Structure formats: structure tokens, C-alpha cells
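Data file: target.txt. Format and content: compact mmCIF, C-alpha atoms.
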# COMPACT_ATOMS: atom_id res chain seq x y z
CA MET A 1384 173.75 121.36 140.50
CA SER A 1385 170.34 121.91 139.11
CA SER A 1386 168.50 125.10 139.70
CA ARG A 1387 165.07 123.79 139.23
CA ARG A 1388 162.18 125.90 140.19
CA SER A 1389 159.17 124.01 141.34
CA ARG A 1390 156.07 125.03 139.52
CA SER A 1391 152.82 123.85 140.86
CA ARG A 1392 150.54 122.58 138.15
CA GLN A 1393 147.38 124.51 138.48
CA SER A 1394 145.09 126.62 136.37
CA SER A 1395 146.12 130.04 135.20
CA SER A 1396 144.54 131.71 138.23
CA SER A 1397 146.81 131.58 141.21
CA ARG A 1398 144.02 130.49 143.52
CA ILE A 1399 143.67 126.77 143.98
CA THR A 1400 139.99 125.97 144.17
CA GLU A 1401 138.37 123.56 146.56
CA GLU A 1402 136.91 121.84 143.54
CA GLN A 1403 140.30 121.21 142.00
CA ILE A 1404 141.47 119.58 145.17
CA ASN A 1405 138.35 117.47 145.43
CA ASP A 1406 138.86 116.31 141.86
CA LEU A 1407 142.42 115.32 142.57
CA VAL A 1408 141.43 113.50 145.73
CA SER A 1409 138.72 111.60 143.82
CA LYS A 1410 141.25 110.66 141.22
CA LEU A 1411 143.48 109.25 143.94
CA GLN A 1412 140.58 107.39 145.45
CA SER A 1413 139.84 105.77 142.10
CA LEU A 1414 143.38 104.39 141.98
CA LEU A 1415 143.12 102.57 145.26
CA PRO A 1416 142.19 98.92 145.05
CA GLU A 1417 138.58 98.12 145.84
CA ALA A 1418 139.43 96.38 149.05
CA ARG A 1419 140.80 99.50 150.65
CA ILE A 1420 138.04 101.93 149.98
CA ARG A 1421 134.55 101.28 148.75
CA SER A 1422 134.58 103.44 145.68
CA ASN A 1423 130.86 104.11 145.80
CA ASP A 1424 131.15 105.96 149.04
CA ARG A 1425 132.34 109.47 149.25
CA VAL A 1426 135.10 109.31 151.79
CA SER A 1427 137.02 112.10 153.41
CA ALA A 1428 140.18 113.44 151.86
CA ALA A 1429 142.01 112.47 155.01
CA LYS A 1430 140.94 108.86 154.59
CA VAL A 1431 142.00 108.83 150.95
CA LEU A 1432 145.42 110.22 151.87
CA GLN A 1433 145.77 107.69 154.64
CA GLU A 1434 144.90 104.79 152.37
CA THR A 1435 147.11 106.12 149.62
CA CYS A 1436 150.08 106.22 151.99
CA ASN A 1437 149.34 102.66 153.09
CA TYR A 1438 148.97 101.55 149.50
CA ILE A 1439 152.27 103.12 148.42
CA ARG A 1440 154.08 101.56 151.35
CA GLY A 1441 152.57 98.21 150.40
CA LEU A 1442 153.70 98.62 146.80
CA HIS A 1443 157.23 99.49 147.91
CA ARG A 1444 157.28 96.32 149.99
CA GLU A 1445 156.05 94.29 147.04
CA VAL A 1446 158.86 95.68 144.89
CA ASP A 1447 161.32 94.56 147.56
CA ASP A 1448 159.80 91.09 147.83
CA LEU A 1449 159.49 90.58 144.10
CA SER A 1450 163.08 91.74 143.62
CA GLU A 1451 164.21 89.04 146.03
CA ARG A 1452 162.18 86.39 144.27
CA LEU A 1453 163.40 87.47 140.85
CA SER A 1454 166.95 87.35 142.12
CA GLU A 1455 166.49 83.74 143.18
CA LEU A 1456 164.76 82.76 139.97
CA LEU A 1457 167.23 84.55 137.71
CA ALA A 1458 170.15 82.67 139.21
CA THR A 1459 169.11 79.65 137.24
CA THR A 1460 167.87 81.30 134.08
CA ASP A 1461 169.41 82.19 130.81
CA MET A 1462 167.77 85.55 130.20
CA SER A 1463 168.66 85.90 126.56
CA SER A 1464 166.75 82.89 125.41
CA ALA A 1465 163.88 83.56 127.75
CA GLN A 1466 163.42 87.15 126.68
CA ALA A 1467 161.49 86.61 123.48
CA ALA A 1468 159.15 84.16 125.17
CA ILE A 1469 158.62 86.56 128.07
CA ILE A 1470 157.79 89.46 125.82
CA ARG A 1471 155.34 87.39 123.88
CA SER A 1472 153.56 86.18 126.95
CA LEU A 1473 153.47 89.58 128.60
CA LEU A 1474 152.27 91.62 125.70
CA MET A 1475 149.85 89.28 124.00
CA MET B 1054 155.69 109.19 125.00
CA THR B 1055 156.00 111.39 128.02
CA ALA B 1056 152.91 111.76 130.12
CA THR B 1057 152.80 115.47 130.70
CA GLY B 1058 150.39 116.23 133.45
CA SER B 1059 147.93 119.00 133.29
CA PRO B 1060 145.03 119.47 135.63
CA GLY B 1061 142.48 118.54 133.03
CA ASN B 1062 144.16 115.34 131.89
CA PRO B 1063 142.63 112.36 133.69
CA ASN B 1064 144.47 109.51 132.03
CA PRO B 1065 148.02 110.08 130.93
CA ASN B 1066 149.32 107.27 128.82
CA LEU B 1067 151.02 104.59 130.80
CA SER B 1068 153.19 102.69 128.41
CA LYS B 1069 153.50 99.09 129.56
CA PRO B 1070 155.62 98.11 126.55
CA MET B 1071 158.15 100.77 127.56
CA LEU B 1072 158.15 99.44 131.08
CA VAL B 1073 158.72 95.89 129.86
CA HIS B 1074 161.48 97.06 127.53
CA HIS B 1075 163.40 98.96 130.19
CA PHE B 1076 163.01 96.39 132.93
CA LEU B 1077 163.88 93.34 130.84
CA ARG B 1078 166.94 95.11 129.55
CA ALA B 1079 168.00 95.97 133.09
CA LEU B 1080 167.35 92.42 134.28
CA ALA B 1081 169.44 90.99 131.47
CA ARG B 1082 172.23 93.36 132.44
CA VAL B 1083 172.09 92.28 136.07
CA ASN B 1084 172.07 88.66 135.06
CA ARG B 1085 174.95 89.00 132.63
CA ALA B 1086 177.15 91.10 134.86
CA ALA B 1087 176.78 89.23 138.06
CA PRO B 1088 175.71 85.63 137.90
CA LYS B 1089 177.92 84.79 140.86
CA GLN B 1090 177.03 87.76 143.02
CA SER B 1091 175.45 87.29 146.37
CA HIS B 1092 171.69 87.02 146.42
CA ALA B 1093 171.40 90.15 148.53
CA ARG B 1094 173.45 92.21 146.11
CA ARG B 1095 171.60 90.93 143.09
CA SER B 1096 168.19 91.57 144.58
CA ARG B 1097 169.26 95.08 145.51
CA ARG B 1098 170.32 95.69 141.92
CA ILE B 1099 167.03 94.33 140.68
CA ARG B 1100 165.18 96.60 143.06
CA CYS B 1101 167.09 99.62 141.74
CA ALA B 1102 166.42 98.43 138.21
CA ALA B 1103 162.70 98.37 138.99
CA TYR B 1104 162.62 102.01 140.05
CA ALA B 1105 164.97 103.07 137.28
CA SER B 1106 162.82 101.35 134.65
CA MET B 1107 159.69 102.92 136.02
CA ALA B 1108 161.24 106.35 135.89
CA ALA B 1109 162.76 105.83 132.45
CA ALA B 1110 159.47 104.58 131.02
CA ALA B 1111 157.51 107.42 132.60
CA GLY B 1112 159.92 109.94 131.14
CA PRO B 1113 161.21 113.23 132.50
CA GLY B 1114 157.85 114.95 132.50
CA ARG B 1115 157.23 114.20 136.16
CA ARG B 1116 158.98 115.30 139.28
CA TRP B 1117 159.06 111.81 140.77
CA SER B 1118 160.64 110.25 137.69
CA ARG B 1119 163.29 112.95 137.42
CA VAL B 1120 164.18 112.54 141.07
CA LEU B 1121 164.42 108.76 140.77
CA LEU B 1122 166.54 108.92 137.63
CA ARG B 1123 168.90 111.36 139.28
CA ARG B 1124 169.08 109.33 142.48
CA LEU B 1125 169.65 106.00 140.78
CA ARG B 1126 172.21 107.19 138.29
CA SER B 1127 174.61 108.45 140.90
CA SER B 1128 176.47 105.35 142.10
CA PRO B 1129 173.63 103.34 143.58
CA SER B 1130 176.07 101.01 145.25
CA SER B 1131 177.42 103.66 147.56
CA HIS B 1132 175.37 104.59 150.58
CA ARG B 1133 176.56 108.16 150.56
CA ARG B 1134 173.82 110.55 151.42
CA ARG B 1135 173.18 113.36 149.02
CA ILE B 1136 173.27 116.85 150.36
CA SER B 1137 169.88 118.17 149.45
CA VAL B 1138 169.70 121.77 148.37
CA ARG B 1139 166.67 123.53 149.73
CA VAL B 1140 164.64 125.08 146.97
CA ALA B 1141 162.31 127.96 147.64
CA ARG B 1142 158.90 126.47 148.23
CA PRO B 1143 155.75 127.72 146.61
CA PRO B 1144 153.13 129.06 149.01
CA ARG B 1145 151.09 126.17 150.27
CA ILE B 1146 147.62 125.59 151.55
CA ALA B 1147 147.83 125.15 155.28
CA THR B 1148 147.15 121.44 155.37
CA ALA B 1149 149.25 120.91 158.43
CA SER B 1150 148.46 117.23 158.43
CA SER B 1151 150.90 114.50 159.19
CA ARG B 1152 149.33 112.40 156.46
CA VAL B 1153 150.34 114.96 153.89
CA GLU B 1154 153.85 114.97 155.29
CA THR B 1155 153.99 111.19 155.10
CA LEU B 1156 152.86 111.35 151.51
CA ARG B 1157 155.58 113.89 150.76
CA ARG B 1158 158.15 111.43 152.04
CA LEU B 1159 156.72 108.50 150.12
CA VAL B 1160 156.52 110.16 146.72
CA PRO B 1161 159.96 110.97 145.27
CA GLY B 1162 160.41 114.71 145.08
CA GLY B 1163 157.25 115.29 147.06
CA ARG B 1164 158.88 117.49 149.64
CA SER B 1165 159.02 120.66 147.61
CA LEU B 1166 155.70 120.38 145.85
CA GLY B 1167 152.57 122.36 146.48
CA TYR B 1168 149.55 120.40 147.67
CA CYS B 1169 147.84 120.21 144.28
CA SER B 1170 151.00 119.14 142.50
CA LEU B 1171 151.68 116.59 145.19
CA LEU B 1172 148.29 114.99 144.61
CA GLU B 1173 148.89 114.87 140.86
CA GLU B 1174 152.36 113.44 141.23
CA THR B 1175 151.05 110.87 143.69
CA ALA B 1176 148.39 109.66 141.28
CA ASP B 1177 150.94 109.29 138.51
CA TYR B 1178 153.46 107.60 140.79
CA VAL B 1179 150.89 105.13 142.09
CA ARG B 1180 149.82 104.20 138.54
CA TRP B 1181 153.36 103.47 137.48
CA LEU B 1182 154.28 101.71 140.70
CA ASP B 1183 151.24 99.51 140.30
CA ALA B 1184 152.21 98.66 136.72
CA GLN B 1185 155.78 97.87 137.78
CA VAL B 1186 154.60 95.53 140.52
CA GLN B 1187 152.26 93.77 138.09
CA LEU B 1188 155.11 93.36 135.63
CA MET B 1189 157.40 91.91 138.27
CA GLN B 1190 154.69 89.53 139.43
CA SER B 1191 154.13 88.36 135.85
CA LEU B 1192 157.84 87.72 135.49
CA VAL B 1193 157.97 85.76 138.72
CA ASP B 1194 155.03 83.69 137.53
CA PHE B 1195 156.71 83.17 134.19
CA PHE B 1196 160.02 82.07 135.66
CA SER B 1197 158.32 79.86 138.19
CA SER B 1198 156.34 77.87 135.68

Can you give me the file's structure in the form of C-alpha cells?
Amino acid sequence: MSSRRSRSRQSSSSRITEEQINDLVSKLQSLLPEARIRSNDRVSAAKVLQETCNYIRGLHREVDDLSERLSELLATTDMSSAQAAIIRSLLM
Amino acid sequence: MTATGSPGNPNPNLSKPMLVHHFLRALARVNRAAPKQSHARRSRRIRCAAYASMAAAAGPGRRWSRVLLRRLRSSPSSHRRRISVRVARPPRIATASSRVETLRRLVPGGRSLGYCSLLEETADYVRWLDAQVQLMQSLVDFFSS
């Protein structure tokens, strides 16, 4: 079994500053889609955390749904011949 | 390459080509191995492939990706529950908020992280999750056309 020690990623001083936390919260806020939080407003950390949780749950659900749809679609597809075309269309 | 997080790094590289590579390979494997499998089983395998690809593409530099890779490599088909070993936790800021606890449950490996690290891991996880969902949507669109 692994004996990993969790190291928190922070600056060399052991004190976590308010500013560091605010920066991280802003970074999270910037990742949320526009519809959830108006990015011009300064919202509370609590709100950002709330919306982040909702957003993650939504993304998990989308992974589930899209997995189902892909499963249906793949049943009738020959992946090997489709692959090159997929890659081209996705990366161009 | 691996996105190693440091507090001053705002935009770790998110490699979409790596994501595409891993996921397409996994999809081809699912398709090859089990064309006659039940829809439920196949979609579950695809779902696992999604998280495995995400974690593989993100690399081992993140707690969430390491946790996912470990989780998904140990017989995903069995529903056996892992016995989690409690690790000594770093001293935390007293943010006794249920939202933080919810976030800890939603982000793989979030339980034993300090608050700052949790926020960093969350940002990284959300970015990759977002990219994975976009990729899957593109594939659905592609196969539907």
C-alpha cells in the first residue's frame, strides 16, 4: 500500500494567507461558465464553492449521459476506419 | 507533459491531443472487445474510460489523477469497496462548511487535502473534466452526423 504523505501546495511560509485563498477562489470563479456566475461581480467564496460543486455534479452527469449515447452510437460503428477522420475533425 | 501545480502557475497546460489519444484508444478497445455486450455494460466501460483517459492525459502530477488511475486500474468491474487507509491530515483552516465537505467528496482525493490544495486540485479537475465532456460531445456529434 502506498505511504503517501499529503503535502499542501503553498508558499514556503507555513502560513496560508488570505490573499492566496482569494486568488484561488477567483481562479475557480473564472472557470465557471458565464451563466452560473456573472464574472464581473465579486461574489463570496461560499457562492463560488457552491456553484463549483453544482458545476462538477453537472459535469459528472454529462459524462454519464454522453457515455450512454456513445455506447449506442458505437454499436453501429467501425471505430478503426472512423478514427482517422475523427482525429482530423477534432484537432483541425 | 505533466501539469505540475504551483501556487503561482495560473494556466497549466491542458493537452487536448493527449486526451483525444487516450480516449479514442480506450473507445476502440471497448468497441473491439465487446461489440455484443449489453448497452449498460458498454456505457459503464465508456464512462470508466472517460475518467481513465482524463487522468492519464493529466498525468500523475495531481492528486485527483493519481487517485482516479489507482481506482480505475483495480478491477473496475467488481463493486468491491476499497478499504481506505487514513492518512495523517495536514492542519487545516477551520472552514467548517458543508460546501467544502461536499467539494472534498466531489474531487477525487479531496478528502485528505488542505484547503488551499483542495482549491487548486478543484480548478485543475474542473478544467480537465470540462475538456473531457467537450471531447465526448464532439464525438457524439461526429458519430451522429

Output as a Markdown table one row per residue of chain B within 6 Å of chain A: the closest atom pair and its distance in Å to one decimal place, counting all atoms listed in the file, sorted by chain and residue number ascending.
| residue | atom | partner | partner_atom | distance |
| --- | --- | --- | --- | --- |
| B:Ala1081 | CA | A:Met1462 | CA | 5.8 |
| B:Arg1095 | CA | A:Ser1454 | CA | 5.9 |
| B:Ser1096 | CA | A:Glu1451 | CA | 4.9 |
| B:Ile1099 | CA | A:Ser1450 | CA | 5.6 |
| B:Arg1100 | CA | A:Ser1450 | CA | 5.3 |
| B:Leu1156 | CA | A:Cys1436 | CA | 5.9 |
| B:Gly1167 | CA | A:Ser1391 | CA | 5.8 |
| B:Ser1170 | CA | A:Ser1391 | CA | 5.3 |
| B:Ala1176 | CA | A:Leu1411 | CA | 5.6 |

Exercise. Do you have the atom CA of Pro1161 of chain B-atom CA of Ala1102 of chain B distance handy?
Worked result: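 Going from atom CA of Pro1161 of chain B over to atom CA of Ala1102 of chain B, I get 15.8 Å.
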
For this session: Have a look at atom CA of Gln1190 of chain B and atom CA of Ser1106 of chain B and let me know their distance in Å, one decimal.
Result: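 Between atom CA of Gln1190 of chain B and atom CA of Ser1106 of chain B the gap is 15.1 Å.
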
Go ahead and fit an axis-aligned box to every listed atom of segment 1100-1111 of chain B plus 6 Å each side, and pass me the centre and edge lengths in Å, one decimal, as AutoDock Vina command-line options.
--center_x 162.3 --center_y 102.0 --center_z 137.0 --size_x 21.6 --size_y 22.8 --size_z 24.0

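One distance worth recording is that between atom CA of Ala1110 of chain B and atom CA of Gln1185 of chain B, which is 10.2 Å.
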
Problem set entry | Gln1187 of chain B environment, 12 Å, only C-alpha atoms, sequence neighbours closer than 3 positions dropped, as a list of chain:residue names |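 Those residues are A:Leu1442, A:Glu1445, A:Val1446, A:Leu1449, A:Leu1473, B:Lys1069, B:Leu1072, B:Val1073, B:Ala1103, B:Met1107, B:Arg1180, B:Trp1181, B:Leu1182, B:Asp1183, B:Ala1184, B:Gln1190, B:Ser1191, B:Leu1192, B:Val1193, B:Asp1194.
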
Taking C-alpha atoms for each residue, export the selection above as a PDB file, keeping the file's coordinate frame.
ATOM      1  CA  LEU A1442     153.700  98.620 146.800  1.00  0.00           C
ATOM      2  CA  GLU A1445     156.050  94.290 147.040  1.00  0.00           C
ATOM      3  CA  VAL A1446     158.860  95.680 144.890  1.00  0.00           C
ATOM      4  CA  LEU A1449     159.490  90.580 144.100  1.00  0.00           C
ATOM      5  CA  LEU A1473     153.470  89.580 128.600  1.00  0.00           C
TER       6      LEU A1473
ATOM      7  CA  LYS B1069     153.500  99.090 129.560  1.00  0.00           C
ATOM      8  CA  LEU B1072     158.150  99.440 131.080  1.00  0.00           C
ATOM      9  CA  VAL B1073     158.720  95.890 129.860  1.00  0.00           C
ATOM     10  CA  ALA B1103     162.700  98.370 138.990  1.00  0.00           C
ATOM     11  CA  MET B1107     159.690 102.920 136.020  1.00  0.00           C
ATOM     12  CA  ARG B1180     149.820 104.200 138.540  1.00  0.00           C
ATOM     13  CA  TRP B1181     153.360 103.470 137.480  1.00  0.00           C
ATOM     14  CA  LEU B1182     154.280 101.710 140.700  1.00  0.00           C
ATOM     15  CA  ASP B1183     151.240  99.510 140.300  1.00  0.00           C
ATOM     16  CA  ALA B1184     152.210  98.660 136.720  1.00  0.00           C
ATOM     17  CA  GLN B1190     154.690  89.530 139.430  1.00  0.00           C
ATOM     18  CA  SER B1191     154.130  88.360 135.850  1.00  0.00           C
ATOM     19  CA  LEU B1192     157.840  87.720 135.490  1.00  0.00           C
ATOM     20  CA  VAL B1193     157.970  85.760 138.720  1.00  0.00           C
ATOM     21  CA  ASP B1194     155.030  83.690 137.530  1.00  0.00           C
TER      22      ASP B1194
END

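With only C-alpha atoms as the atoms that count, the minimum distance from Leu1077 of chain B to the choices A:Glu1402, A:Gly1441, A:Ala1467, A:Arg1425 is reached by A:Ala1467.
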